[in-house]
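For reference, input02.cif (mmCIF, C-alpha atoms):
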data_data
#
loop_
_atom_site.label_atom_id
_atom_site.label_comp_id
_atom_site.auth_asym_id
_atom_site.auth_seq_id
_atom_site.Cartn_x
_atom_site.Cartn_y
_atom_site.Cartn_z
CA TYR P 128 16.27 3.20 0.00
CA ILE P 129 16.42 6.48 1.85
CA LEU P 130 19.46 7.14 4.01
CA SER P 131 19.07 9.48 6.98
CA HIS P 132 21.59 10.35 9.65
CA LEU P 133 21.11 10.33 13.41
CA LYS P 134 23.35 11.57 16.21
CA SER P 135 24.10 7.96 17.07
CA GLY P 136 24.48 6.57 13.53
CA PHE P 137 22.11 6.36 10.57
CA ILE P 138 18.93 4.69 9.39
CA LEU P 139 18.01 3.07 6.10
CA ILE P 140 14.36 3.39 5.13
CA ASP P 141 12.71 1.13 2.57
CA GLN P 142 10.88 3.76 0.50
CA GLU P 143 8.25 1.35 -0.82
CA ARG P 144 7.35 0.04 2.64
CA ALA P 145 7.46 3.54 4.11
CA HIS P 146 4.98 4.78 1.53
CA GLN P 147 2.80 1.71 2.14
CA ARG P 148 2.74 2.47 5.90
CA ILE P 149 1.83 6.10 5.18
CA LEU P 150 -0.97 5.05 2.83
CA ILE P 151 -2.32 2.40 5.22
CA ASP P 152 -2.69 5.02 7.95
CA HIS P 153 -4.09 7.55 5.49
CA TYR P 154 -6.68 5.19 3.99
CA THR P 155 -7.66 3.95 7.46
CA GLU P 156 -8.21 7.55 8.59
CA ILE P 157 -10.29 8.39 5.52
CA LEU P 158 -12.36 5.24 5.93
CA GLN P 159 -13.02 6.00 9.60
CA SER P 160 -14.17 9.51 8.70
CA GLY P 161 -16.83 7.98 6.43
CA ASN P 162 -15.94 10.44 3.67
CA VAL P 163 -14.03 8.44 1.06
CA PRO P 164 -13.50 10.57 -2.03
CA SER P 165 -13.78 8.82 -5.37
CA GLN P 166 -12.48 10.15 -8.65
CA GLN P 167 -14.47 9.22 -11.73
CA LEU P 168 -12.52 7.92 -14.70
CA LEU P 169 -12.84 9.79 -17.97
CA PHE P 170 -13.27 6.47 -19.75
CA PRO P 171 -14.63 3.48 -17.79
CA VAL P 172 -12.45 0.39 -17.89
CA ASN P 173 -13.70 -3.17 -18.39
CA MET P 174 -11.92 -5.80 -16.34
CA GLU P 175 -12.21 -9.50 -17.11
CA LEU P 176 -11.40 -11.79 -14.20
CA THR P 177 -10.94 -15.47 -13.53
CA VAL P 178 -13.95 -17.22 -12.00
CA GLU P 179 -12.22 -17.28 -8.60
CA ASP P 180 -11.27 -13.57 -8.70
CA PHE P 181 -14.71 -12.58 -10.03
CA ASP P 182 -16.42 -14.42 -7.17
CA LEU P 183 -14.09 -12.83 -4.61
CA LEU P 184 -14.68 -9.34 -6.00
CA LYS P 185 -18.44 -9.91 -6.12
CA GLU P 186 -18.37 -11.06 -2.49
CA GLN P 187 -16.27 -8.05 -1.47
CA GLU P 188 -17.85 -5.43 -3.74
CA ALA P 189 -19.32 -3.46 -0.81
CA GLU P 190 -15.85 -3.21 0.80
CA PHE P 191 -14.38 -1.91 -2.47
CA LYS P 192 -17.11 0.74 -2.66
CA LYS P 193 -16.39 1.80 0.92
CA LEU P 194 -12.75 2.29 -0.10
CA GLY P 195 -13.81 4.68 -2.89
CA PHE P 196 -14.01 2.33 -5.88
CA ASP P 197 -16.92 2.85 -8.26
CA ILE P 198 -17.28 -0.63 -9.76
CA ARG P 199 -20.16 -2.76 -10.92
CA GLU P 200 -20.74 -6.16 -12.41
CA PHE P 201 -20.82 -6.01 -16.20
CA GLY P 202 -21.56 -9.46 -17.55
CA LYS P 203 -19.96 -12.85 -17.10
CA GLN P 204 -16.69 -12.55 -15.13
CA THR P 205 -16.45 -8.86 -16.03
CA TYR P 206 -16.55 -5.70 -13.95
CA ILE P 207 -16.61 -2.15 -15.17
CA ILE P 208 -14.48 0.36 -13.28
CA GLN P 209 -15.93 3.87 -13.34
CA GLY P 210 -14.07 5.46 -10.44
CA LEU P 211 -11.13 4.95 -8.09
CA PRO P 212 -10.20 6.27 -4.65
CA ALA P 213 -9.12 9.86 -5.26
CA GLU P 214 -5.49 9.24 -4.31
CA ALA P 215 -5.04 5.87 -6.05
CA PRO P 216 -2.93 5.76 -9.21
CA ASN P 217 -5.23 5.67 -12.22
CA ASP P 218 -2.82 4.75 -15.00
CA ASP P 219 -4.06 1.12 -14.97
CA PRO P 220 -7.21 0.71 -12.83
CA ALA P 221 -7.68 -2.97 -13.75
CA ALA P 222 -4.09 -3.82 -12.75
CA LEU P 223 -4.59 -1.99 -9.44
CA ILE P 224 -7.69 -4.03 -8.57
CA GLU P 225 -6.16 -7.28 -9.83
CA GLY P 226 -3.08 -6.60 -7.70
CA MET P 227 -5.29 -5.93 -4.69
CA ILE P 228 -7.10 -9.22 -5.23
CA GLU P 229 -3.80 -11.12 -5.50
CA SER P 230 -2.41 -9.42 -2.40
CA PHE P 231 -5.63 -10.22 -0.53
CA LYS P 232 -5.51 -13.89 -1.58
CA ASN P 233 -1.83 -14.16 -0.61
CA ASP P 234 -2.62 -12.76 2.86
CA GLN P 235 -5.42 -15.24 3.54
CA GLN P 236 -3.18 -17.30 5.84
CA ASN P 237 -3.09 -14.37 8.26
CA ILE P 238 -6.53 -15.05 9.74
CA LYS P 239 -6.09 -12.43 12.48
CA SER P 240 -6.40 -9.56 9.98
CA GLU P 241 -9.77 -8.01 9.45
CA VAL P 242 -11.13 -8.10 5.91
CA ARG P 243 -11.24 -4.30 5.59
CA LEU P 244 -7.67 -3.96 6.86
CA LYS P 245 -6.56 -6.49 4.23
CA TRP P 246 -8.20 -4.44 1.50
CA ILE P 247 -6.66 -1.23 2.84
CA GLN P 248 -3.25 -2.91 2.86
CA SER P 249 -3.79 -4.22 -0.68
CA LEU P 250 -4.75 -0.74 -1.89
CA ALA P 251 -1.70 0.77 -0.17
CA TYR P 252 0.62 -1.86 -1.65
CA GLY P 253 -0.77 -1.22 -5.14
CA SER P 254 -0.67 2.56 -4.80
CA SER P 255 2.75 3.02 -3.23
CA VAL P 256 5.96 4.15 -4.88
CA LYS P 257 7.99 1.17 -5.97
CA ARG P 258 11.42 0.05 -4.86
CA GLY P 259 14.08 1.78 -6.88
CA GLN P 260 11.74 4.54 -8.07
CA LYS P 261 13.69 7.79 -8.15
CA LEU P 262 12.49 10.40 -5.68
CA SER P 263 13.61 14.00 -5.35
CA LEU P 264 15.26 15.16 -2.13
CA ALA P 265 12.06 17.01 -1.20
CA GLU P 266 9.95 13.87 -1.83
CA MET P 267 12.29 11.79 0.34
CA GLN P 268 12.20 14.35 3.16
CA ASN P 269 8.42 14.56 2.95
CA MET P 270 8.16 10.76 3.04
CA VAL P 271 10.40 10.54 6.13
CA ASP P 272 8.35 13.24 7.87
CA GLU P 273 5.07 11.53 6.99
CA LEU P 274 6.43 8.12 8.02
CA PHE P 275 7.34 9.31 11.50
CA ALA P 276 3.85 10.80 11.83
CA THR P 277 2.24 7.36 11.33
CA SER P 278 1.04 5.07 14.08
CA MET P 279 3.81 2.51 13.51
CA PRO P 280 6.75 3.92 11.52
CA TYR P 281 9.05 0.93 12.08
CA SER P 282 7.00 -1.90 10.55
CA LEU P 283 4.07 -2.84 8.36
CA PRO P 284 1.05 -4.70 9.78
CA ASN P 285 2.65 -7.96 8.54
CA GLN P 286 5.68 -7.13 10.76
CA LYS P 287 8.05 -6.51 7.82
CA PRO P 288 10.56 -3.81 8.81
CA ILE P 289 10.52 -0.37 7.26
CA ILE P 290 13.59 1.05 9.02
CA VAL P 291 16.96 -0.49 9.79
CA THR P 292 19.19 1.37 12.25
CA TYR P 293 22.98 1.31 12.27
CA SER P 294 24.81 2.67 15.30
CA LEU P 295 28.20 4.40 15.26
CA GLU P 296 29.58 1.41 17.17
CA GLU P 297 28.45 -0.94 14.38
CA LEU P 298 30.04 1.34 11.80
CA ASP P 299 33.29 1.48 13.80
CA LYS P 300 33.37 -2.33 13.88
CA GLN P 301 32.81 -2.47 10.11
CA PHE P 302 35.70 -0.04 9.56
CA LYS P 303 37.83 -1.86 12.18
CA ARG P 304 38.14 1.20 14.41
CA SER P 305 38.52 0.80 18.12
#
Taking this structure as input, can you express it in the form of structure tokens?
Amino acid sequence: YILSHLKSGFILIDQERAHQRILIDHYTEILQSGNVPSQQLLFPVNMELTVEDFDLLKEQEAEFKKLGFDIREFGKQTYIIQGLPAEAPNDDPAALIEGMIESFKNDQQNIKSEVRLKWIQSLAYGSSVKRGQKLSLAEMQNMVDELFATSMPYSLPNQKPIIVTYSLEELDKQFKRS
């Protein structure tokens, strides 16, 4: 968590959710510009999937390509990954896509979401810094600045909070001050 002070108290920021919000806005902006940069992998990665996941990826392949993924079918229940969105982590491309598929399937009950928004959210969730990951002071400050430049800094599209605010009055009560 990132702690930041205010004149009237302080805020706690969930760093993982904050980075997800930043990435959601960033990926949405890039997608709307129509210029999604893709970074080719030095060594293509084969990804074997379950029948259900393979069918879902095959159905959504065009959406993945619009997000900057360079993937293609490569045999029975297998895809080959040749490129990723330029800003996506590339240490485990198969795990990133598998995580996106799982996140997408878990969000199926939220019928109001558009398919592309779900994929953007899944990419952001898979690409974000993780809870408890150590960040430098400069990285934290940059994240806070970027968060407050987003369209909705206080919550994710699924309404999960990013920021919790504590007032001086609440602190006084906790410390039994009058």
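Comparing the minimum interatomic distances between Leu283 (chain P) and each of P:Leu168, P:Ile208, P:Met227, P:Ile151, counting all atoms listed in the file, we find that P:Ile151 sits nearest.
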TODO: Go through the shown structure with the PyMOL selection byres ((chain P and resi 249) around 8) and write out the matching residues as a list of chain:residue names.
DONE: P:Gly226, P:Met227, P:Ile228, P:Ser230, P:Phe231, P:Lys245, P:Trp246, P:Ile247, P:Gln248, P:Leu250, P:Ala251, P:Tyr252, P:Gly253
- [ ] Let me know the residues the PyMOL selection byres ((chain P and resi 257) around 10) catches in the file above, as a PyMOL selection string.
- [x] chain P and resi 141-144+146-147+252-256+258-261
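Ranking P:Tyr281, P:Phe170, P:Tyr128, P:Phe196 by their shortest atom-to-atom distance to Ile149 (chain P), with all atoms listed in the file included, puts P:Tyr281 first.
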Open item on the list: For the PyMOL selection byres ((chain P and resi 271) around 9), applied here, can you spell out every residue it catches as a list in words?
Closed with: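 After applying the PyMOL selection byres ((chain P and resi 271) around 9), what remains is Ile129, Ser131, Ile140, Gln142, Ala145, Glu266, Met267, Gln268, Asn269, Met270, Asp272, Glu273, Leu274, Phe275 and Ala276 of chain P.
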Proximity of region 194-263 of chain P to region 177-181 of chain P: per-residue shortest pair, 10 Å limit, only C-alpha atoms, as a Markdown table:
| residue | atom | partner | partner_atom | distance |
| --- | --- | --- | --- | --- |
| P:Glu200 | CA | P:Phe181 | CA | 9.1 |
| P:Lys203 | CA | P:Phe181 | CA | 8.8 |
| P:Gln204 | CA | P:Phe181 | CA | 5.5 |
| P:Thr205 | CA | P:Phe181 | CA | 7.3 |
| P:Tyr206 | CA | P:Phe181 | CA | 8.1 |
| P:Glu225 | CA | P:Asp180 | CA | 8.2 |
| P:Ile228 | CA | P:Asp180 | CA | 7.0 |
| P:Glu229 | CA | P:Asp180 | CA | 8.5 |
| P:Lys232 | CA | P:Asp180 | CA | 9.2 |
Task: Pairwise distance for CA of Gln286 (chain P) and CA of Leu244 (chain P), rounded to one decimal in Å - done: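 One can read the CA of Gln286 (chain P) to CA of Leu244 (chain P) distance as 14.3 Å.
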Task: Long-range neighbours of Val163 (chain P) as a PyMOL selection string, 10 Å cut-off, only C-alpha atoms, 6 positions minimum in chain - done: chain P and resi 154+156-157+192-196+212-213
TODO: Could you check which of P:Glu214, P:Tyr293, P:Ile207, P:Arg199 is closest to Gln187 (chain P), using only C-alpha atoms?
DONE: P:Arg199
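Using all atoms listed in the file, the nearest neighbour of Thr277 (chain P) within the list P:Leu150, P:Leu169, P:Leu130, P:Ile138 is P:Leu150.
Of note, CA of Glu296 (chain P) and CA of Leu264 (chain P) are spaced 27.7 Å apart.
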